[in-house]
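Chemist: One structure follows; several queries about it will come next.
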Amino acid sequence: MVEIYVDADGCPVKNEVFRVARRYGLKVYVVSNSRLRLPQEPLIELVIVNEGFDAADDWIVEHVDENDVAVSADIPLAARCLEKGARILDPKGRIFTEDSIGSALATRDLMAHLRDMGDITKGPAPFEKRDRSRFLRHLDDVIQAALRAKRGP
C-alpha cells in the first residue's frame, strides 16, 4: 500500500494531504518535532520525533519506501527520499525527480553560500492560493502514479 509522509513543521498543505488521502484510503504519517492538532482518524498518525537537528527527516527516510509519497520543502530530504525510490513534492506542488534534484540541491547550496558571504538574498516567495491548487493537482497525479507502480503491469 502507498503511504504518505508529511514533513509537518511549517507545512501549509496538511489539510489538503488529508483530504486527498481520505479519497484514496491512504495512511498519512505527519512527522513533527512538536504536538500538532490533527483530525482523529485511523488513517492519520502524528509522529513526534526528538528535537534533534534533522530528526523528522531521518524518521521519514527510515520509514519511506519505494513508491510512497513524501511532502516536504526540504531539498536534502527530497534527495534522500528519491534515493529510496519514493515520490516527493513540495507544498507548492513542485515534483522532485532524479533529473531535477541535482539542480535544486546546487541552487540551495549556492544561495546558502551567498547568505554566508553576507549577500542579501530574497527568501522564498509567499505561499499563494495558486500554489495550493497546483499542489492538489500534482499530489493527485503523484498518488495515481504510485498506485499504478505498486500494482505493477
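Ligands are numbered from 1 in the order shown, chains are lettered A, B, ... in the order of the C-alpha cells, and residues start at 1 in each chain.
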Pick out the residues sitting within 12 Å of stretch 127-129 of chain A, and hand them over as an MDAnalysis selection string; count only C-alpha atoms, and ignore anything fewer than 6 positions along from it in its own chain.
Modeler: chainID A and resid 10:13 73 90:93 135:136
Chemist: Create the file for the chosen residues now, containing N, CA and C atoms and written as a PDB file, in the first residue's frame.
Modeler:
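Dumped everything to again.pdb:
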ATOM      1  N   GLY A  10       5.783  23.552   9.724  1.00  0.00           N
ATOM      2  CA  GLY A  10       5.673  24.633   8.759  1.00  0.00           C
ATOM      3  C   GLY A  10       5.028  24.245   7.440  1.00  0.00           C
ATOM      4  N   CYS A  11       4.439  23.082   7.344  1.00  0.00           N
ATOM      5  CA  CYS A  11       3.803  22.643   6.094  1.00  0.00           C
ATOM      6  C   CYS A  11       2.406  23.256   5.979  1.00  0.00           C
ATOM      7  N   PRO A  12       2.164  24.074   4.951  1.00  0.00           N
ATOM      8  CA  PRO A  12       0.868  24.745   4.833  1.00  0.00           C
ATOM      9  C   PRO A  12      -0.224  23.915   4.146  1.00  0.00           C
ATOM     10  N   VAL A  13       0.073  22.686   3.752  1.00  0.00           N
ATOM     11  CA  VAL A  13      -0.901  21.913   2.971  1.00  0.00           C
ATOM     12  C   VAL A  13      -1.297  20.592   3.645  1.00  0.00           C
ATOM     13  N   ALA A  73       9.355  20.673   1.798  1.00  0.00           N
ATOM     14  CA  ALA A  73      10.076  21.728   1.086  1.00  0.00           C
ATOM     15  C   ALA A  73      11.581  21.582   1.291  1.00  0.00           C
ATOM     16  N   ASP A  90       6.945  19.287  -3.129  1.00  0.00           N
ATOM     17  CA  ASP A  90       6.958  20.315  -2.086  1.00  0.00           C
ATOM     18  C   ASP A  90       5.560  20.914  -1.939  1.00  0.00           C
ATOM     19  N   PRO A  91       5.328  21.702  -0.893  1.00  0.00           N
ATOM     20  CA  PRO A  91       3.976  22.255  -0.652  1.00  0.00           C
ATOM     21  C   PRO A  91       3.456  23.176  -1.752  1.00  0.00           C
ATOM     22  N   LYS A  92       4.328  23.631  -2.631  1.00  0.00           N
ATOM     23  CA  LYS A  92       3.871  24.469  -3.747  1.00  0.00           C
ATOM     24  C   LYS A  92       3.588  23.633  -4.996  1.00  0.00           C
ATOM     25  N   GLY A  93       3.739  22.320  -4.883  1.00  0.00           N
ATOM     26  CA  GLY A  93       3.397  21.437  -5.990  1.00  0.00           C
ATOM     27  C   GLY A  93       4.551  21.068  -6.897  1.00  0.00           C
ATOM     28  N   PHE A 135      -0.495  22.249  -5.883  1.00  0.00           N
ATOM     29  CA  PHE A 135      -0.139  21.139  -5.005  1.00  0.00           C
ATOM     30  C   PHE A 135      -1.194  20.034  -5.075  1.00  0.00           C
ATOM     31  N   LEU A 136      -2.458  20.405  -4.963  1.00  0.00           N
ATOM     32  CA  LEU A 136      -3.534  19.404  -5.006  1.00  0.00           C
ATOM     33  C   LEU A 136      -3.517  18.616  -6.308  1.00  0.00           C
TER      34      LEU A 136
END
Chemist: Please identify the helix (DSSP H, G or I) residues within stretch 12-146 of chain A (assignment by DSSP from backbone atoms) and present them as a ChimeraX atom specification.
Modeler: /A:14-24,55-63,75-83,98-116,129-146
Chemist: Could you state the separation of atom CA of A:Ala8 and atom CA of A:Val31 in Å, given to one decimal place?
Modeler: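 We find that atom CA of A:Ala8 and atom CA of A:Val31 lie 5.5 Å from each other.
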Chemist: When you look at A:Asn50 with a cut-off of 12 Å (counting only C-alpha atoms), what residues show up, excluding the ones that are within fewer than 2 positions of it in the same chain? I need them as a PyMOL selection string.
Modeler: chain A and resi 31-35+47-48+52-59
Chemist: Would you save the residues from that selection as a PDB file, in the first residue's frame, using N, CA and C atoms?
Modeler:
ATOM      1  N   VAL A  31       4.918  13.969  10.480  1.00  0.00           N
ATOM      2  CA  VAL A  31       6.130  13.892  11.295  1.00  0.00           C
ATOM      3  C   VAL A  31       6.535  15.299  11.724  1.00  0.00           C
ATOM      4  N   SER A  32       6.674  15.475  13.050  1.00  0.00           N
ATOM      5  CA  SER A  32       6.909  16.803  13.604  1.00  0.00           C
ATOM      6  C   SER A  32       7.794  16.724  14.842  1.00  0.00           C
ATOM      7  N   ASN A  33       8.386  17.857  15.183  1.00  0.00           N
ATOM      8  CA  ASN A  33       9.165  17.960  16.421  1.00  0.00           C
ATOM      9  C   ASN A  33       8.295  18.326  17.613  1.00  0.00           C
ATOM     10  N   SER A  34       7.019  18.612  17.364  1.00  0.00           N
ATOM     11  CA  SER A  34       6.139  19.023  18.458  1.00  0.00           C
ATOM     12  C   SER A  34       4.712  18.548  18.188  1.00  0.00           C
ATOM     13  N   ARG A  35       3.883  18.669  19.200  1.00  0.00           N
ATOM     14  CA  ARG A  35       2.471  18.269  19.069  1.00  0.00           C
ATOM     15  C   ARG A  35       1.753  19.165  18.080  1.00  0.00           C
ATOM     16  N   VAL A  47       3.505  11.585  14.301  1.00  0.00           N
ATOM     17  CA  VAL A  47       4.760  11.025  14.800  1.00  0.00           C
ATOM     18  C   VAL A  47       5.576  12.193  15.327  1.00  0.00           C
ATOM     19  N   ILE A  48       5.827  12.190  16.630  1.00  0.00           N
ATOM     20  CA  ILE A  48       6.627  13.251  17.237  1.00  0.00           C
ATOM     21  C   ILE A  48       8.036  12.706  17.455  1.00  0.00           C
ATOM     22  N   GLY A  52      16.182  16.867  17.961  1.00  0.00           N
ATOM     23  CA  GLY A  52      17.463  16.894  17.275  1.00  0.00           C
ATOM     24  C   GLY A  52      17.366  17.419  15.858  1.00  0.00           C
ATOM     25  N   PHE A  53      18.476  17.988  15.391  1.00  0.00           N
ATOM     26  CA  PHE A  53      18.546  18.515  14.036  1.00  0.00           C
ATOM     27  C   PHE A  53      18.288  17.380  13.042  1.00  0.00           C
ATOM     28  N   ASP A  54      17.381  17.583  12.132  1.00  0.00           N
ATOM     29  CA  ASP A  54      17.026  16.614  11.093  1.00  0.00           C
ATOM     30  C   ASP A  54      16.362  15.345  11.625  1.00  0.00           C
ATOM     31  N   ALA A  55      15.857  15.345  12.853  1.00  0.00           N
ATOM     32  CA  ALA A  55      15.225  14.141  13.406  1.00  0.00           C
ATOM     33  C   ALA A  55      13.993  13.748  12.598  1.00  0.00           C
ATOM     34  N   ALA A  56      13.185  14.723  12.200  1.00  0.00           N
ATOM     35  CA  ALA A  56      11.998  14.409  11.399  1.00  0.00           C
ATOM     36  C   ALA A  56      12.412  13.855  10.037  1.00  0.00           C
ATOM     37  N   ASP A  57      13.416  14.469   9.435  1.00  0.00           N
ATOM     38  CA  ASP A  57      13.902  13.987   8.137  1.00  0.00           C
ATOM     39  C   ASP A  57      14.399  12.551   8.256  1.00  0.00           C
ATOM     40  N   ASP A  58      15.191  12.289   9.300  1.00  0.00           N
ATOM     41  CA  ASP A  58      15.736  10.940   9.491  1.00  0.00           C
ATOM     42  C   ASP A  58      14.623   9.914   9.667  1.00  0.00           C
ATOM     43  N   TRP A  59      13.580  10.267  10.421  1.00  0.00           N
ATOM     44  CA  TRP A  59      12.472   9.330  10.639  1.00  0.00           C
ATOM     45  C   TRP A  59      11.778   9.030   9.316  1.00  0.00           C
TER      46      TRP A  59
END
Chemist: Which residue is closest to A:Pro39? Choose from A:Lys14, A:Arg87, A:Ser72, A:Thr97 and count only C-alpha atoms.
Modeler: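 Distance minimum relative to A:Pro39 lands on A:Lys14.
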Chemist: Got a sec: who's within 9 Å of A:Glu98, counting only C-alpha atoms, leaving out chain neighbours fewer than 5 positions off, as a list in words?
Modeler: Ala79, Leu82 and Glu83 of chain A
Chemist: Using only C-alpha atoms, which residues sit within 8 Å of A:Leu147 once same-chain residues fewer than 6 positions away are excluded, as a list in words?
Modeler: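 My reading of the contact set: Met1, Val2 and Asn67 of chain A.
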Chemist: Which is closer to A:Val142 than all the others in A:Glu16, A:Asp68, A:Asp99, A:Glu51, using only C-alpha atoms?
Modeler: A:Asp68
Chemist: Using only C-alpha atoms, which of A:Arg130, A:Arg23, A:Arg37, A:His63 sits nearest A:Tyr5?
Modeler: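 Closest to A:Tyr5, using only C-alpha atoms: A:His63.
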Chemist: Identify, on the basis of only C-alpha atoms, every residue whose closest approach to A:Glu66 does not exceed 8 Å; exclude the query and any residue fewer than 3 positions from it along the same chain; express the result as a list in words.
Modeler: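 Returned residues: Lys84, Gly85, Ala86 and Arg87 of chain A.
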Chemist: With N, CA and C atoms retained, export the selected residues as a short mmCIF file (atom, residue, chain, number, x, y, z; two decimals), in the first residue's frame.
Modeler:
data_model
loop_
_atom_site.label_atom_id
_atom_site.label_comp_id
_atom_site.auth_asym_id
_atom_site.auth_seq_id
_atom_site.Cartn_x
_atom_site.Cartn_y
_atom_site.Cartn_z
N LYS A 84 15.55 6.35 -2.12
CA LYS A 84 14.82 5.16 -1.69
C LYS A 84 13.68 4.80 -2.64
N GLY A 85 13.54 5.57 -3.72
CA GLY A 85 12.51 5.27 -4.70
C GLY A 85 11.16 5.89 -4.41
N ALA A 86 11.11 6.79 -3.43
CA ALA A 86 9.85 7.45 -3.09
C ALA A 86 9.57 8.57 -4.10
N ARG A 87 8.34 9.01 -4.09
CA ARG A 87 7.93 10.15 -4.91
C ARG A 87 7.76 11.33 -3.96
#
Chemist: Which neighbours of A:Cys81 fall inside 9 Å, counting only C-alpha atoms, when residues of the same chain fewer than 5 positions from it are skipped, and could you give them as a VMD selection string?
Modeler: chain A and resid 60 to 61 64 to 66 69 to 70 76 86 to 88
